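Have a look at entry.json; it's JSON, N, CA and C atoms:
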[["chain", "number", "residue", "atom", "x", "y", "z"],
["A", 1, "MET", "N", -1.20, -10.63, 7.35],
["A", 1, "MET", "CA", -0.93, -11.57, 8.41],
["A", 1, "MET", "C", -0.29, -10.87, 9.60],
["A", 2, "ALA", "N", 0.59, -9.92, 9.34],
["A", 2, "ALA", "CA", 1.27, -9.22, 10.42],
["A", 2, "ALA", "C", 0.28, -8.40, 11.24],
["A", 3, "MET", "N", -0.68, -7.80, 10.55],
["A", 3, "MET", "CA", -1.69, -7.00, 11.27],
["A", 3, "MET", "C", -2.52, -7.90, 12.19],
["A", 4, "ARG", "N", -2.78, -9.09, 11.75],
["A", 4, "ARG", "CA", -3.53, -10.03, 12.57],
["A", 4, "ARG", "C", -2.75, -10.37, 13.84],
["A", 5, "LYS", "N", -1.43, -10.52, 13.69],
["A", 5, "LYS", "CA", -0.58, -10.82, 14.84],
["A", 5, "LYS", "C", -0.58, -9.64, 15.82],
["A", 6, "VAL", "N", -0.43, -8.43, 15.29],
["A", 6, "VAL", "CA", -0.43, -7.24, 16.13],
["A", 6, "VAL", "C", -1.76, -7.10, 16.84],
["A", 7, "TYR", "N", -2.85, -7.31, 16.10],
["A", 7, "TYR", "CA", -4.18, -7.20, 16.70],
["A", 7, "TYR", "C", -4.36, -8.21, 17.83],
["A", 8, "SER", "N", -3.93, -9.44, 17.59],
["A", 8, "SER", "CA", -4.11, -10.46, 18.63],
["A", 8, "SER", "C", -3.27, -10.13, 19.87],
["A", 9, "GLU", "N", -2.11, -9.51, 19.68],
["A", 9, "GLU", "CA", -1.29, -9.13, 20.84],
["A", 9, "GLU", "C", -1.89, -7.93, 21.57],
["A", 10, "ILE", "N", -2.42, -6.97, 20.84],
["A", 10, "ILE", "CA", -3.01, -5.78, 21.45],
["A", 10, "ILE", "C", -4.33, -6.11, 22.14],
["A", 11, "LYS", "N", -5.04, -7.08, 21.61],
["A", 11, "LYS", "CA", -6.37, -7.43, 22.13],
["A", 11, "LYS", "C", -6.34, -7.75, 23.62],
["A", 12, "GLY", "N", -5.28, -8.37, 24.07],
["A", 12, "GLY", "CA", -5.20, -8.77, 25.47],
["A", 12, "GLY", "C", -4.63, -7.69, 26.39],
["A", 13, "MET", "N", -4.26, -6.54, 25.85],
["A", 13, "MET", "CA", -3.64, -5.49, 26.67],
["A", 13, "MET", "C", -4.65, -4.51, 27.21],
["A", 14, "ARG", "N", -4.21, -3.79, 28.23],
["A", 14, "ARG", "CA", -5.00, -2.66, 28.72],
["A", 14, "ARG", "C", -4.69, -1.46, 27.84],
["A", 15, "VAL", "N", -5.58, -0.49, 27.82],
["A", 15, "VAL", "CA", -5.42, 0.68, 26.96],
["A", 15, "VAL", "C", -4.13, 1.43, 27.27],
["A", 16, "LYS", "N", -3.76, 1.53, 28.52],
["A", 16, "LYS", "CA", -2.54, 2.25, 28.89],
["A", 16, "LYS", "C", -1.27, 1.53, 28.44],
["A", 17, "GLU", "N", -1.35, 0.24, 28.18],
["A", 17, "GLU", "CA", -0.18, -0.53, 27.76],
["A", 17, "GLU", "C", 0.07, -0.44, 26.26],
["A", 18, "VAL", "N", -0.94, -0.09, 25.48],
["A", 18, "VAL", "CA", -0.84, -0.10, 24.02],
["A", 18, "VAL", "C", 0.21, 0.89, 23.50],
["A", 19, "PRO", "N", 0.25, 2.16, 23.96],
["A", 19, "PRO", "CA", 1.27, 3.08, 23.42],
["A", 19, "PRO", "C", 2.70, 2.58, 23.63],
["A", 20, "ASN", "N", 2.97, 1.98, 24.79],
["A", 20, "ASN", "CA", 4.31, 1.45, 25.03],
["A", 20, "ASN", "C", 4.63, 0.28, 24.11],
["A", 21, "TYR", "N", 3.61, -0.44, 23.66],
["A", 21, "TYR", "CA", 3.80, -1.55, 22.73],
["A", 21, "TYR", "C", 4.00, -1.05, 21.30],
["A", 22, "VAL", "N", 3.25, -0.02, 20.92],
["A", 22, "VAL", "CA", 3.26, 0.46, 19.54],
["A", 22, "VAL", "C", 4.43, 1.41, 19.27],
["A", 23, "LYS", "N", 4.82, 2.19, 20.25],
["A", 23, "LYS", "CA", 5.84, 3.23, 20.05],
["A", 23, "LYS", "C", 7.15, 2.69, 19.47],
["A", 24, "PRO", "N", 7.70, 1.58, 19.95],
["A", 24, "PRO", "CA", 8.94, 1.07, 19.34],
["A", 24, "PRO", "C", 8.76, 0.67, 17.87],
["A", 25, "MET", "N", 7.56, 0.29, 17.49],
["A", 25, "MET", "CA", 7.30, -0.11, 16.10],
["A", 25, "MET", "C", 7.32, 1.07, 15.14],
["A", 26, "LEU", "N", 7.22, 2.27, 15.66],
["A", 26, "LEU", "CA", 7.19, 3.46, 14.82],
["A", 26, "LEU", "C", 8.56, 4.13, 14.68],
["A", 27, "SER", "N", 9.58, 3.54, 15.25],
["A", 27, "SER", "CA", 10.92, 4.12, 15.14],
["A", 27, "SER", "C", 11.50, 3.82, 13.76],
["A", 28, "MET", "N", 12.41, 4.68, 13.31],
["A", 28, "MET", "CA", 13.04, 4.50, 12.00],
["A", 28, "MET", "C", 13.85, 3.21, 11.94],
["A", 29, "ASP", "N", 14.50, 2.88, 13.03],
["A", 29, "ASP", "CA", 15.30, 1.67, 13.06],
["A", 29, "ASP", "C", 14.42, 0.43, 12.87],
["A", 30, "TYR", "N", 13.28, 0.41, 13.55],
["A", 30, "TYR", "CA", 12.36, -0.73, 13.44],
["A", 30, "TYR", "C", 11.81, -0.83, 12.02],
["A", 31, "VAL", "N", 11.44, 0.32, 11.44],
["A", 31, "VAL", "CA", 10.89, 0.33, 10.08],
["A", 31, "VAL", "C", 11.95, -0.16, 9.08],
["A", 32, "LYS", "N", 13.19, 0.29, 9.24],
["A", 32, "LYS", "CA", 14.27, -0.15, 8.35],
["A", 32, "LYS", "C", 14.48, -1.65, 8.45],
["A", 33, "LYS", "N", 14.50, -2.16, 9.68],
["A", 33, "LYS", "CA", 14.69, -3.61, 9.86],
["A", 33, "LYS", "C", 13.52, -4.40, 9.29],
["A", 34, "ALA", "N", 12.30, -3.92, 9.47],
["A", 34, "ALA", "CA", 11.13, -4.62, 8.94],
["A", 34, "ALA", "C", 11.15, -4.60, 7.42],
["A", 35, "PHE", "N", 11.53, -3.47, 6.83],
["A", 35, "PHE", "CA", 11.62, -3.36, 5.37],
["A", 35, "PHE", "C", 12.70, -4.30, 4.84],
["A", 36, "GLN", "N", 13.86, -4.34, 5.50],
["A", 36, "GLN", "CA", 14.94, -5.23, 5.07],
["A", 36, "GLN", "C", 14.52, -6.69, 5.20],
["A", 37, "LYS", "N", 13.80, -7.02, 6.26],
["A", 37, "LYS", "CA", 13.32, -8.39, 6.43],
["A", 37, "LYS", "C", 12.34, -8.75, 5.32],
["A", 38, "GLY", "N", 11.47, -7.81, 4.95],
["A", 38, "GLY", "CA", 10.54, -8.04, 3.85],
["A", 38, "GLY", "C", 11.27, -8.26, 2.53],
["A", 39, "LEU", "N", 12.31, -7.47, 2.28],
["A", 39, "LEU", "CA", 13.09, -7.65, 1.05],
["A", 39, "LEU", "C", 13.81, -9.00, 1.05],
["A", 40, "ASP", "N", 14.35, -9.39, 2.20],
["A", 40, "ASP", "CA", 15.02, -10.68, 2.30],
["A", 40, "ASP", "C", 14.03, -11.82, 2.05],
["A", 41, "ASN", "N", 12.83, -11.71, 2.63],
["A", 41, "ASN", "CA", 11.82, -12.74, 2.41],
["A", 41, "ASN", "C", 11.39, -12.80, 0.94],
["A", 42, "TYR", "N", 11.24, -11.64, 0.31],
["A", 42, "TYR", "CA", 10.87, -11.58, -1.11],
["A", 42, "TYR", "C", 11.97, -12.22, -1.96],
["A", 43, "ASN", "N", 13.22, -11.90, -1.62],
["A", 43, "ASN", "CA", 14.34, -12.45, -2.36],
["A", 43, "ASN", "C", 14.37, -13.97, -2.27],
["A", 44, "SER", "N", 14.20, -14.50, -1.07],
["A", 44, "SER", "CA", 14.26, -15.95, -0.91],
["A", 44, "SER", "C", 13.05, -16.64, -1.51],
["A", 45, "LYS", "N", 11.90, -15.98, -1.51],
["A", 45, "LYS", "CA", 10.69, -16.62, -2.02],
["A", 45, "LYS", "C", 10.60, -16.58, -3.55],
["A", 46, "TYR", "N", 11.01, -15.46, -4.17],
["A", 46, "TYR", "CA", 10.81, -15.31, -5.60],
["A", 46, "TYR", "C", 12.10, -15.28, -6.41],
["A", 47, "ILE", "N", 13.10, -14.52, -5.98],
["A", 47, "ILE", "CA", 14.30, -14.33, -6.78],
["A", 47, "ILE", "C", 15.16, -15.59, -6.78],
["A", 48, "GLN", "N", 15.40, -16.16, -5.61],
["A", 48, "GLN", "CA", 16.26, -17.34, -5.52],
["A", 48, "GLN", "C", 15.63, -18.58, -6.14],
["A", 49, "THR", "N", 14.33, -18.59, -6.30],
["A", 49, "THR", "CA", 13.65, -19.75, -6.89],
["A", 49, "THR", "C", 13.43, -19.60, -8.39],
["A", 50, "ASP", "N", 13.97, -18.52, -9.00],
["A", 50, "ASP", "CA", 13.81, -18.25, -10.44],
["A", 50, "ASP", "C", 12.35, -18.20, -10.86],
["A", 51, "SER", "N", 11.53, -17.59, -10.03],
["A", 51, "SER", "CA", 10.10, -17.48, -10.30],
["A", 51, "SER", "C", 9.83, -16.36, -11.29],
["A", 52, "ILE", "N", 8.73, -16.46, -12.03],
["A", 52, "ILE", "CA", 8.30, -15.43, -12.97],
["A", 52, "ILE", "C", 7.49, -14.35, -12.25],
["A", 53, "GLN", "N", 7.13, -14.57, -11.01],
["A", 53, "GLN", "CA", 6.29, -13.66, -10.25],
["A", 53, "GLN", "C", 6.84, -12.23, -10.16],
["A", 54, "PRO", "N", 8.15, -12.01, -9.97],
["A", 54, "PRO", "CA", 8.63, -10.62, -9.92],
["A", 54, "PRO", "C", 8.33, -9.83, -11.19],
["A", 55, "LEU", "N", 8.37, -10.48, -12.34],
["A", 55, "LEU", "CA", 8.02, -9.81, -13.59],
["A", 55, "LEU", "C", 6.56, -9.40, -13.58],
["A", 56, "TYR", "N", 5.70, -10.27, -13.10],
["A", 56, "TYR", "CA", 4.28, -9.92, -12.97],
["A", 56, "TYR", "C", 4.08, -8.77, -11.99],
["A", 57, "HIS", "N", 4.81, -8.79, -10.89],
["A", 57, "HIS", "CA", 4.70, -7.72, -9.90],
["A", 57, "HIS", "C", 5.09, -6.37, -10.50],
["A", 58, "VAL", "N", 6.16, -6.35, -11.29],
["A", 58, "VAL", "CA", 6.60, -5.11, -11.93],
["A", 58, "VAL", "C", 5.56, -4.65, -12.96],
["A", 59, "CYS", "N", 5.06, -5.56, -13.78],
["A", 59, "CYS", "CA", 4.08, -5.19, -14.81],
["A", 59, "CYS", "C", 2.78, -4.67, -14.19],
["A", 60, "PHE", "N", 2.22, -5.41, -13.27],
["A", 60, "PHE", "CA", 0.97, -4.97, -12.65],
["A", 60, "PHE", "C", 1.17, -3.75, -11.77],
["A", 61, "GLY", "N", 2.30, -3.67, -11.09],
["A", 61, "GLY", "CA", 2.61, -2.48, -10.29],
["A", 61, "GLY", "C", 2.74, -1.25, -11.16],
["A", 62, "GLY", "N", 3.39, -1.38, -12.30],
["A", 62, "GLY", "CA", 3.51, -0.26, -13.23],
["A", 62, "GLY", "C", 2.16, 0.15, -13.79],
["A", 63, "MET", "N", 1.31, -0.82, -14.06],
["A", 63, "MET", "CA", -0.02, -0.53, -14.57],
["A", 63, "MET", "C", -0.84, 0.22, -13.51],
["A", 64, "VAL", "N", -0.81, -0.23, -12.29],
["A", 64, "VAL", "CA", -1.55, 0.44, -11.22],
["A", 64, "VAL", "C", -0.98, 1.84, -10.97],
["A", 65, "PHE", "N", 0.34, 1.97, -10.98],
["A", 65, "PHE", "CA", 0.97, 3.27, -10.78],
["A", 65, "PHE", "C", 0.56, 4.26, -11.87],
["A", 66, "SER", "N", 0.59, 3.82, -13.14],
["A", 66, "SER", "CA", 0.22, 4.72, -14.22],
["A", 66, "SER", "C", -1.25, 5.11, -14.13],
["A", 67, "TYR", "N", -2.10, 4.19, -13.71],
["A", 67, "TYR", "CA", -3.51, 4.50, -13.52],
["A", 67, "TYR", "C", -3.69, 5.55, -12.43],
["A", 68, "LEU", "N", -2.99, 5.39, -11.32],
["A", 68, "LEU", "CA", -3.11, 6.34, -10.23],
["A", 68, "LEU", "C", -2.56, 7.71, -10.60],
["A", 69, "VAL", "N", -1.51, 7.75, -11.41],
["A", 69, "VAL", "CA", -0.94, 9.02, -11.85],
["A", 69, "VAL", "C", -1.92, 9.73, -12.78],
["A", 70, "ALA", "N", -2.59, 9.00, -13.66],
["A", 70, "ALA", "CA", -3.50, 9.58, -14.64],
["A", 70, "ALA", "C", -4.88, 9.88, -14.05],
["A", 71, "LEU", "N", -5.19, 9.32, -12.90],
["A", 71, "LEU", "CA", -6.52, 9.47, -12.32],
["A", 71, "LEU", "C", -6.94, 10.91, -12.05],
["A", 72, "PRO", "N", -6.13, 11.78, -11.47],
["A", 72, "PRO", "CA", -6.58, 13.16, -11.24],
["A", 72, "PRO", "C", -6.92, 13.88, -12.54],
["A", 73, "ASN", "N", -6.12, 13.68, -13.58],
["A", 73, "ASN", "CA", -6.39, 14.31, -14.87],
["A", 73, "ASN", "C", -7.71, 13.78, -15.45],
["A", 74, "GLU", "N", -7.92, 12.50, -15.34],
["A", 74, "GLU", "CA", -9.15, 11.90, -15.86],
["A", 74, "GLU", "C", -10.38, 12.41, -15.10],
["A", 75, "ARG", "N", -10.24, 12.56, -13.79],
["A", 75, "ARG", "CA", -11.37, 13.08, -13.00],
["A", 75, "ARG", "C", -11.68, 14.52, -13.38],
["A", 76, "ARG", "N", -10.65, 15.35, -13.60],
["A", 76, "ARG", "CA", -10.87, 16.72, -14.04],
["A", 76, "ARG", "C", -11.59, 16.74, -15.37],
["A", 77, "HIS", "N", -11.20, 15.87, -16.28],
["A", 77, "HIS", "CA", -11.84, 15.79, -17.59],
["A", 77, "HIS", "C", -13.32, 15.42, -17.45],
["A", 78, "LEU", "N", -13.60, 14.43, -16.62],
["A", 78, "LEU", "CA", -14.99, 14.01, -16.43],
["A", 78, "LEU", "C", -15.82, 15.09, -15.75],
["A", 79, "GLU", "N", -15.24, 15.81, -14.77],
["A", 79, "GLU", "CA", -15.96, 16.90, -14.13],
["A", 79, "GLU", "C", -16.25, 18.03, -15.12],
["A", 80, "HIS", "N", -15.28, 18.34, -15.97],
["A", 80, "HIS", "CA", -15.49, 19.37, -16.99],
["A", 80, "HIS", "C", -16.58, 18.94, -17.97],
["A", 81, "GLN", "N", -16.56, 17.69, -18.35],
["A", 81, "GLN", "CA", -17.57, 17.16, -19.27],
["A", 81, "GLN", "C", -18.96, 17.24, -18.63],
["A", 82, "GLN", "N", -19.06, 16.90, -17.36],
["A", 82, "GLN", "CA", -20.35, 16.97, -16.65],
["A", 82, "GLN", "C", -20.81, 18.42, -16.53],
["A", 83, "HIS", "N", -19.90, 19.32, -16.22],
["A", 83, "HIS", "CA", -20.22, 20.74, -16.09],
["A", 83, "HIS", "C", -20.72, 21.29, -17.43],
["A", 84, "ALA", "N", -20.06, 20.91, -18.53],
["A", 84, "ALA", "CA", -20.46, 21.37, -19.85],
["A", 84, "ALA", "C", -21.85, 20.83, -20.19],
["A", 85, "LYS", "N", -22.11, 19.60, -19.83],
["A", 85, "LYS", "CA", -23.40, 19.00, -20.12],
["A", 85, "LYS", "C", -24.51, 19.72, -19.35],
["A", 86, "GLU", "N", -24.23, 20.06, -18.10],
["A", 86, "GLU", "CA", -25.24, 20.76, -17.27],
["A", 86, "GLU", "C", -25.53, 22.16, -17.76],
["A", 87, "HIS", "N", -24.53, 22.82, -18.33],
["A", 87, "HIS", "CA", -24.70, 24.21, -18.76],
["A", 87, "HIS", "C", -24.94, 24.36, -20.26],
["A", 88, "GLY", "N", -25.18, 23.26, -20.94],
["A", 88, "GLY", "CA", -25.55, 23.30, -22.34],
["A", 88, "GLY", "C", -24.44, 23.52, -23.33],
["A", 89, "HIS", "N", -23.21, 23.30, -22.97],
["A", 89, "HIS", "CA", -22.10, 23.39, -23.91],
["A", 89, "HIS", "C", -21.84, 22.03, -24.51],
["A", 90, "HIS", "N", -21.59, 21.99, -25.75],
["A", 90, "HIS", "CA", -21.29, 20.77, -26.54],
["A", 90, "HIS", "C", -22.19, 19.66, -26.10]]
Please lay out the structure from this file as structure tokens.
Amino acid sequence: MAMRKVYSEIKGMRVKEVPNYVKPMLSMDYVKKAFQKGLDNYNSKYIQTDSIQPLYHVCFGGMVFSYLVALPNERRHLEHQQHAKEHGHH
């Protein structure tokens, strides 16, 4: 949703105006404030309402993280298997 807002605001600007609009958004202070605002919104939406959703977020996030960590090793294994098949090993 935020990207849609940024896009709609940038859409009406001239090209020379865009860097002056985007540059403040890339500062550490802006990023910290945006991150804190996101945490506050998450807290009010899920934590304060005693929702089960944070548990799901942790479980699925952990599952995705473990998949991404194991992915390079799995790709190496599959490439080795393909190489062995092409060269007549096993």
Taking the backbone alone, and naming residues the way the document does, which bits of chain A are helix (DSSP H, G or I) by DSSP, as a ChimeraX atom specification? /A:2-11,15-26,28-47,53-86
Interatomic distance between atom CA of A:Lys11 and atom N of A:Lys32?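 Taking atom CA of A:Lys11 and atom N of A:Lys32, their separation equals 24.7 Å.
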To one decimal place, how far is atom CA of A:Asn20 from atom CA of A:Asn41 in Å?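 Computing it gives 27.7 Å between the two atoms.
The coordinates place atom CA of A:Leu55 at 13.2 Å from atom CA of A:Asn43.
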